[in-house]
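J.: Before I ask anything, here is the structure I am working with.
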Amino acid sequence: MQDPFSPKQLEFVYNSTAKWNLAHGSVRSGKTIGTLFRFMQAAYECPDSAIWMVGHSSETIYQNAIRLLFESPQLSMFRPHCTWSNRKLRFFDKVIGTLGAKDEGAIGSFQGKTFSLVYCDEITLYPESIIDMIDTRLSNPHSMGFASMNPSHPNHKCKKWIDRAEQGDKNYYSLHFTLDDNPYVDESYKQRIRDSLSGLFYKRNYLGHWCLAEGAIFDFFDRSVHVVNRPPCAAEYWIAAIDYGTNNPFCCLLLGVSTGRHTGLGKRLWVEKEYYYDPKVTGRQQVNSEFAEDVYNFLEPYAPKCIYIDPSAAAMQLELQRRGLHIVHADNDVQNGIEVMTTQMKKGNLFVMDCCVNTIREIESYVWDPKAALQGYDEPLKKFDHSIDCLRYALYTHKIADSKVIAHDPTNYLRDRFRPTR
């Protein structure tokens, strides 16, 4: 009978007795199950209820960690003793609170608390000020922290803790996980991960390396593969996105979407048309009403389902809404947006029509900012990125919208998406 835990997970469980215990490495490598099991062991033995679980948000700590206590066979021994309500996990006589660490504004939730135990899911996504605050809260003699993470830049605070563990500092214990450490993942999945990632995301999420963001972001982009002279299939619907600019270029992209239900090809997305107005080229700036009229005429034949735009462009939104267009605030998460774009391109799901010359040019010239990398930040160089921003808005926000619909209202999602036609 196969042991329910991988050798690497057991190694972490047996050896994680330091003040900070860190599991780091590639995606789907078993880090979360291993750290959760050890955390629940420690919670059972903890003499008090000063126990907390932290996620990027209060929603993700449930989805990524707490949910597994009720669903994962490897954690089934804890299930009869756990209940979840009001964002608190009750485990035997312990009450475990949850906190979100999405941005600097969340730091007030941590102030004044004492942590006997803390579990941090994807800790590299937290602001470093909150990581510092969590560290100072582990002030009891028996306090311990457990954290899982995918690698980030090599100057990150957690990487410094990992280095201290490797140098023999007994306050820190770390263990590196790779995808091959997870015996429950088959080779076909590993191959799909290898094929869908590139550059920075391949090094961090597949190899599990702590590395700088450098070079071309879409280094795999190939015009002979990703640029087409006609849509790859018929669109089921269209979406659009706008990157607003007055002194800088104003860009609107129209994207065709096919879910693959009718073609059997899988999901396909493509940039079908671009509207690109550069005042430095035309020698004239336009006002919002002119842009809105241009966008309306550009999109009107297609009736796009949604038009994604940065929430800060409030005046532009109003002009578009006056013309009856459906405006949706875009999620401007740069890192996640770029990762979605990379994955879709590498999978062969995303194409660009050859008429979209500015979009093609920007994809080929999109690079990581070397100065930001040296300061510990992963940021693209803010230059020639207007079409790219459009594309990122559309792909990432549309992906989030679809996943939220499925998660929160699966019945209506299925009914609307699979409504029979007469």
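Labeling convention for the structure tokens: chains A, B, ... as they appear, residues from 1 per chain, ligands from 1 in order of appearance.
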If we count only C-alpha atoms and set the cut-off at 8 Å, which residues sit around Lys94 of chain A, ignoring sequence neighbours fewer than 3 positions away in its own chain? Please answer as a PyMOL selection string.

T.: chain A and resi 43-44+48-49+90-91

J.: Give me a file of those residues, with C-alpha atoms, as a PDB file, in the first residue's frame.

T.:
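The resulting file, again-v1.pdb, is shown below:
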```pdb
ATOM      1  CA  ALA A  43      -2.102  23.115  16.685  1.00  0.00           C
ATOM      2  CA  TYR A  44      -3.190  19.958  18.527  1.00  0.00           C
ATOM      3  CA  ASP A  48      -3.426  28.015  23.786  1.00  0.00           C
ATOM      4  CA  SER A  49      -5.596  29.312  20.941  1.00  0.00           C
ATOM      5  CA  ARG A  90     -12.500  25.161  15.135  1.00  0.00           C
ATOM      6  CA  PHE A  91     -10.209  22.223  15.806  1.00  0.00           C
TER       7      PHE A  91
END
```

J.: Using only C-alpha atoms, find each residue in segment 179-280 of chain A having at least one atom no more than 10 Å away from segment 315-337 of chain A; report its shortest atom-to-atom pair and that distance in Å (one decimal), rows by chain then rising number, as a tab-separated table.

T.:
```
residue	atom	partner	partner_atom	distance
A:Phe201	CA	A:Gln335	CA	9.9
A:Ala240	CA	A:Ile327	CA	9.5
A:Ala241	CA	A:Ala330	CA	8.3
A:Ile242	CA	A:Ala330	CA	9.2
A:Tyr244	CA	A:Met316	CA	7.9
```

J.: If you run DSSP on this backbone, which residues of segment 22-233 of chain A come out as strand (DSSP E), and could you give them as a ChimeraX atom specification?

T.: /A:22-25,51-55,82-85,88-91,94-100,117-121,144-149,172-177,227-228

J.: Would you pick out the contacts of segment 12-18 of chain A at 7 Å or less, using only C-alpha atoms, so that residues sharing its chain but fewer than 3 positions from it are not included, and give the list as a PDB file with N, CA and C atoms, in the first residue's frame?

T.:
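Done, and the output landed in around_10.pdb:
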```
ATOM      1  N   LYS A   8       9.308  13.501   0.571  1.00  0.00           N
ATOM      2  CA  LYS A   8       9.660  14.889   0.853  1.00  0.00           C
ATOM      3  C   LYS A   8       8.700  15.491   1.882  1.00  0.00           C
ATOM      4  N   GLN A   9       7.403  15.171   1.796  1.00  0.00           N
ATOM      5  CA  GLN A   9       6.439  15.650   2.790  1.00  0.00           C
ATOM      6  C   GLN A   9       6.764  15.099   4.174  1.00  0.00           C
ATOM      7  N   ASN A  21       9.473  27.502   9.754  1.00  0.00           N
ATOM      8  CA  ASN A  21       9.601  26.280   8.970  1.00  0.00           C
ATOM      9  C   ASN A  21       9.051  26.545   7.572  1.00  0.00           C
ATOM     10  N   GLY A  34       2.022  18.947   2.993  1.00  0.00           N
ATOM     11  CA  GLY A  34       3.033  18.702   4.014  1.00  0.00           C
ATOM     12  C   GLY A  34       3.019  19.732   5.123  1.00  0.00           C
ATOM     13  N   ARG A  38       1.701  19.252   9.216  1.00  0.00           N
ATOM     14  CA  ARG A  38       2.585  19.592  10.343  1.00  0.00           C
ATOM     15  C   ARG A  38       1.970  20.700  11.193  1.00  0.00           C
ATOM     16  N   MET A 144       5.700  29.163  16.789  1.00  0.00           N
ATOM     17  CA  MET A 144       6.262  28.576  15.571  1.00  0.00           C
ATOM     18  C   MET A 144       5.495  29.095  14.366  1.00  0.00           C
ATOM     19  N   LYS A 170      19.475  27.714  13.791  1.00  0.00           N
ATOM     20  CA  LYS A 170      18.456  26.804  14.311  1.00  0.00           C
ATOM     21  C   LYS A 170      17.067  27.439  14.409  1.00  0.00           C
ATOM     22  N   ASN A 171      16.982  28.747  14.204  1.00  0.00           N
ATOM     23  CA  ASN A 171      15.667  29.394  14.214  1.00  0.00           C
ATOM     24  C   ASN A 171      14.901  29.158  12.908  1.00  0.00           C
ATOM     25  N   TYR A 172      15.591  28.634  11.908  1.00  0.00           N
ATOM     26  CA  TYR A 172      14.977  28.460  10.592  1.00  0.00           C
ATOM     27  C   TYR A 172      15.213  27.043  10.079  1.00  0.00           C
ATOM     28  N   TYR A 173      14.149  26.491   9.489  1.00  0.00           N
ATOM     29  CA  TYR A 173      14.255  25.206   8.793  1.00  0.00           C
ATOM     30  C   TYR A 173      13.603  25.376   7.427  1.00  0.00           C
ATOM     31  N   LEU A 175      12.949  23.464   3.345  1.00  0.00           N
ATOM     32  CA  LEU A 175      13.032  22.284   2.505  1.00  0.00           C
ATOM     33  C   LEU A 175      12.541  22.655   1.115  1.00  0.00           C
TER      34      LEU A 175
END
```

J.: Select, from A:Gly30, A:Pro232, A:Gly264, A:Pro279, the residue with the minimum atom-to-atom distance to Asn247 of chain A, counting only C-alpha atoms.

T.: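 Closest candidate: A:Pro279.
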
J.: Name the closest residue to Gln41 of chain A among the candidates A:Leu207, A:Ala313, A:Leu75, A:Ala65; distances are taken between atoms, counting only C-alpha atoms.

T.: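 Using only C-alpha atoms, Gln41 of chain A sits closest to A:Leu75.
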
J.: Using only C-alpha atoms, which residues sit within 6 Å of segment 352-354 of chain A once same-chain residues fewer than 6 positions away are excluded, as a list in words?

T.: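 Near segment 352-354 of chain A, the qualifying residues are Val227, Val228, Asn229, Trp270, Val271 and Glu272 of chain A.
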
J.: Which of these residues is nearest to Lys113 of chain A, using only C-alpha atoms: A:Tyr277, A:Ile51, A:Thr343, A:Ile61?

T.: A:Ile51

J.: List the spatial neighbours of Cys252 of chain A as a PDB file with N, CA and C atoms, in the first residue's frame - criterion: any atom at most 10 Å away, only C-alpha atoms, same-chain residues fewer than 6 positions off excluded.

T.:
```
ATOM      1  N   ALA A 240     -13.446  43.051 -25.225  1.00  0.00           N
ATOM      2  CA  ALA A 240     -12.541  44.136 -25.617  1.00  0.00           C
ATOM      3  C   ALA A 240     -11.871  44.698 -24.366  1.00  0.00           C
ATOM      4  N   ALA A 241     -10.807  45.432 -24.586  1.00  0.00           N
ATOM      5  CA  ALA A 241     -10.110  46.090 -23.475  1.00  0.00           C
ATOM      6  C   ALA A 241      -9.527  47.404 -23.961  1.00  0.00           C
ATOM      7  N   ILE A 242      -9.381  48.334 -23.008  1.00  0.00           N
ATOM      8  CA  ILE A 242      -8.884  49.669 -23.347  1.00  0.00           C
ATOM      9  C   ILE A 242      -7.747  50.042 -22.405  1.00  0.00           C
ATOM     10  N   ASP A 243      -6.658  50.532 -22.985  1.00  0.00           N
ATOM     11  CA  ASP A 243      -5.606  51.190 -22.211  1.00  0.00           C
ATOM     12  C   ASP A 243      -5.709  52.675 -22.526  1.00  0.00           C
ATOM     13  N   TYR A 244      -6.121  53.441 -21.528  1.00  0.00           N
ATOM     14  CA  TYR A 244      -6.438  54.855 -21.741  1.00  0.00           C
ATOM     15  C   TYR A 244      -5.171  55.708 -21.709  1.00  0.00           C
ATOM     16  N   LYS A 273      -8.718  42.752 -33.876  1.00  0.00           N
ATOM     17  CA  LYS A 273      -8.524  44.111 -34.395  1.00  0.00           C
ATOM     18  C   LYS A 273      -7.914  44.973 -33.305  1.00  0.00           C
ATOM     19  N   GLU A 274      -7.230  46.019 -33.724  1.00  0.00           N
ATOM     20  CA  GLU A 274      -6.721  46.985 -32.757  1.00  0.00           C
ATOM     21  C   GLU A 274      -7.045  48.403 -33.213  1.00  0.00           C
ATOM     22  N   TYR A 275      -7.384  49.222 -32.225  1.00  0.00           N
ATOM     23  CA  TYR A 275      -7.501  50.673 -32.442  1.00  0.00           C
ATOM     24  C   TYR A 275      -6.360  51.284 -31.652  1.00  0.00           C
ATOM     25  N   TYR A 276      -5.485  52.017 -32.323  1.00  0.00           N
ATOM     26  CA  TYR A 276      -4.278  52.522 -31.684  1.00  0.00           C
ATOM     27  C   TYR A 276      -4.085  53.965 -32.115  1.00  0.00           C
ATOM     28  N   TYR A 277      -4.237  54.890 -31.154  1.00  0.00           N
ATOM     29  CA  TYR A 277      -4.118  56.316 -31.471  1.00  0.00           C
ATOM     30  C   TYR A 277      -2.934  56.888 -30.704  1.00  0.00           C
ATOM     31  N   PHE A 291     -12.564  59.946 -28.379  1.00  0.00           N
ATOM     32  CA  PHE A 291     -12.133  58.555 -28.195  1.00  0.00           C
ATOM     33  C   PHE A 291     -13.344  57.627 -28.059  1.00  0.00           C
ATOM     34  N   ASP A 294     -14.908  56.982 -31.353  1.00  0.00           N
ATOM     35  CA  ASP A 294     -14.067  56.077 -32.145  1.00  0.00           C
ATOM     36  C   ASP A 294     -14.211  54.628 -31.665  1.00  0.00           C
ATOM     37  N   VAL A 295     -14.192  54.448 -30.345  1.00  0.00           N
ATOM     38  CA  VAL A 295     -14.315  53.101 -29.785  1.00  0.00           C
ATOM     39  C   VAL A 295     -15.681  52.507 -30.113  1.00  0.00           C
ATOM     40  N   PHE A 298     -15.676  51.433 -33.632  1.00  0.00           N
ATOM     41  CA  PHE A 298     -14.746  50.321 -33.790  1.00  0.00           C
ATOM     42  C   PHE A 298     -15.361  48.994 -33.331  1.00  0.00           C
ATOM     43  N   LEU A 299     -16.122  49.042 -32.227  1.00  0.00           N
ATOM     44  CA  LEU A 299     -16.645  47.823 -31.613  1.00  0.00           C
ATOM     45  C   LEU A 299     -18.084  47.500 -31.990  1.00  0.00           C
ATOM     46  N   ILE A 307     -16.210  45.177 -21.927  1.00  0.00           N
ATOM     47  CA  ILE A 307     -15.070  46.023 -22.284  1.00  0.00           C
ATOM     48  C   ILE A 307     -14.321  46.315 -20.988  1.00  0.00           C
ATOM     49  N   TYR A 308     -13.109  45.795 -20.874  1.00  0.00           N
ATOM     50  CA  TYR A 308     -12.318  45.935 -19.659  1.00  0.00           C
ATOM     51  C   TYR A 308     -11.462  47.202 -19.748  1.00  0.00           C
ATOM     52  N   ILE A 309     -11.494  47.980 -18.673  1.00  0.00           N
ATOM     53  CA  ILE A 309     -10.751  49.236 -18.643  1.00  0.00           C
ATOM     54  C   ILE A 309     -10.255  49.492 -17.234  1.00  0.00           C
ATOM     55  N   HIS A 386       1.272  49.597 -24.345  1.00  0.00           N
ATOM     56  CA  HIS A 386      -0.144  49.977 -24.319  1.00  0.00           C
ATOM     57  C   HIS A 386      -1.036  48.847 -24.826  1.00  0.00           C
ATOM     58  N   SER A 387      -0.670  48.220 -25.921  1.00  0.00           N
ATOM     59  CA  SER A 387      -1.424  47.058 -26.391  1.00  0.00           C
ATOM     60  C   SER A 387      -1.286  45.889 -25.426  1.00  0.00           C
ATOM     61  N   ASP A 389      -0.872  46.068 -22.182  1.00  0.00           N
ATOM     62  CA  ASP A 389      -1.747  46.312 -21.044  1.00  0.00           C
ATOM     63  C   ASP A 389      -3.188  45.951 -21.385  1.00  0.00           C
ATOM     64  N   CYS A 390      -3.626  46.319 -22.577  1.00  0.00           N
ATOM     65  CA  CYS A 390      -4.971  45.949 -23.042  1.00  0.00           C
ATOM     66  C   CYS A 390      -5.171  44.446 -22.993  1.00  0.00           C
ATOM     67  N   LEU A 391      -4.232  43.741 -23.573  1.00  0.00           N
ATOM     68  CA  LEU A 391      -4.347  42.293 -23.659  1.00  0.00           C
ATOM     69  C   LEU A 391      -4.338  41.656 -22.277  1.00  0.00           C
TER      70      LEU A 391
END
```

J.: In Å to one decimal, how far is atom CA of Leu253 of chain A from atom CA of Ile338 of chain A?

T.: 16.5 Å
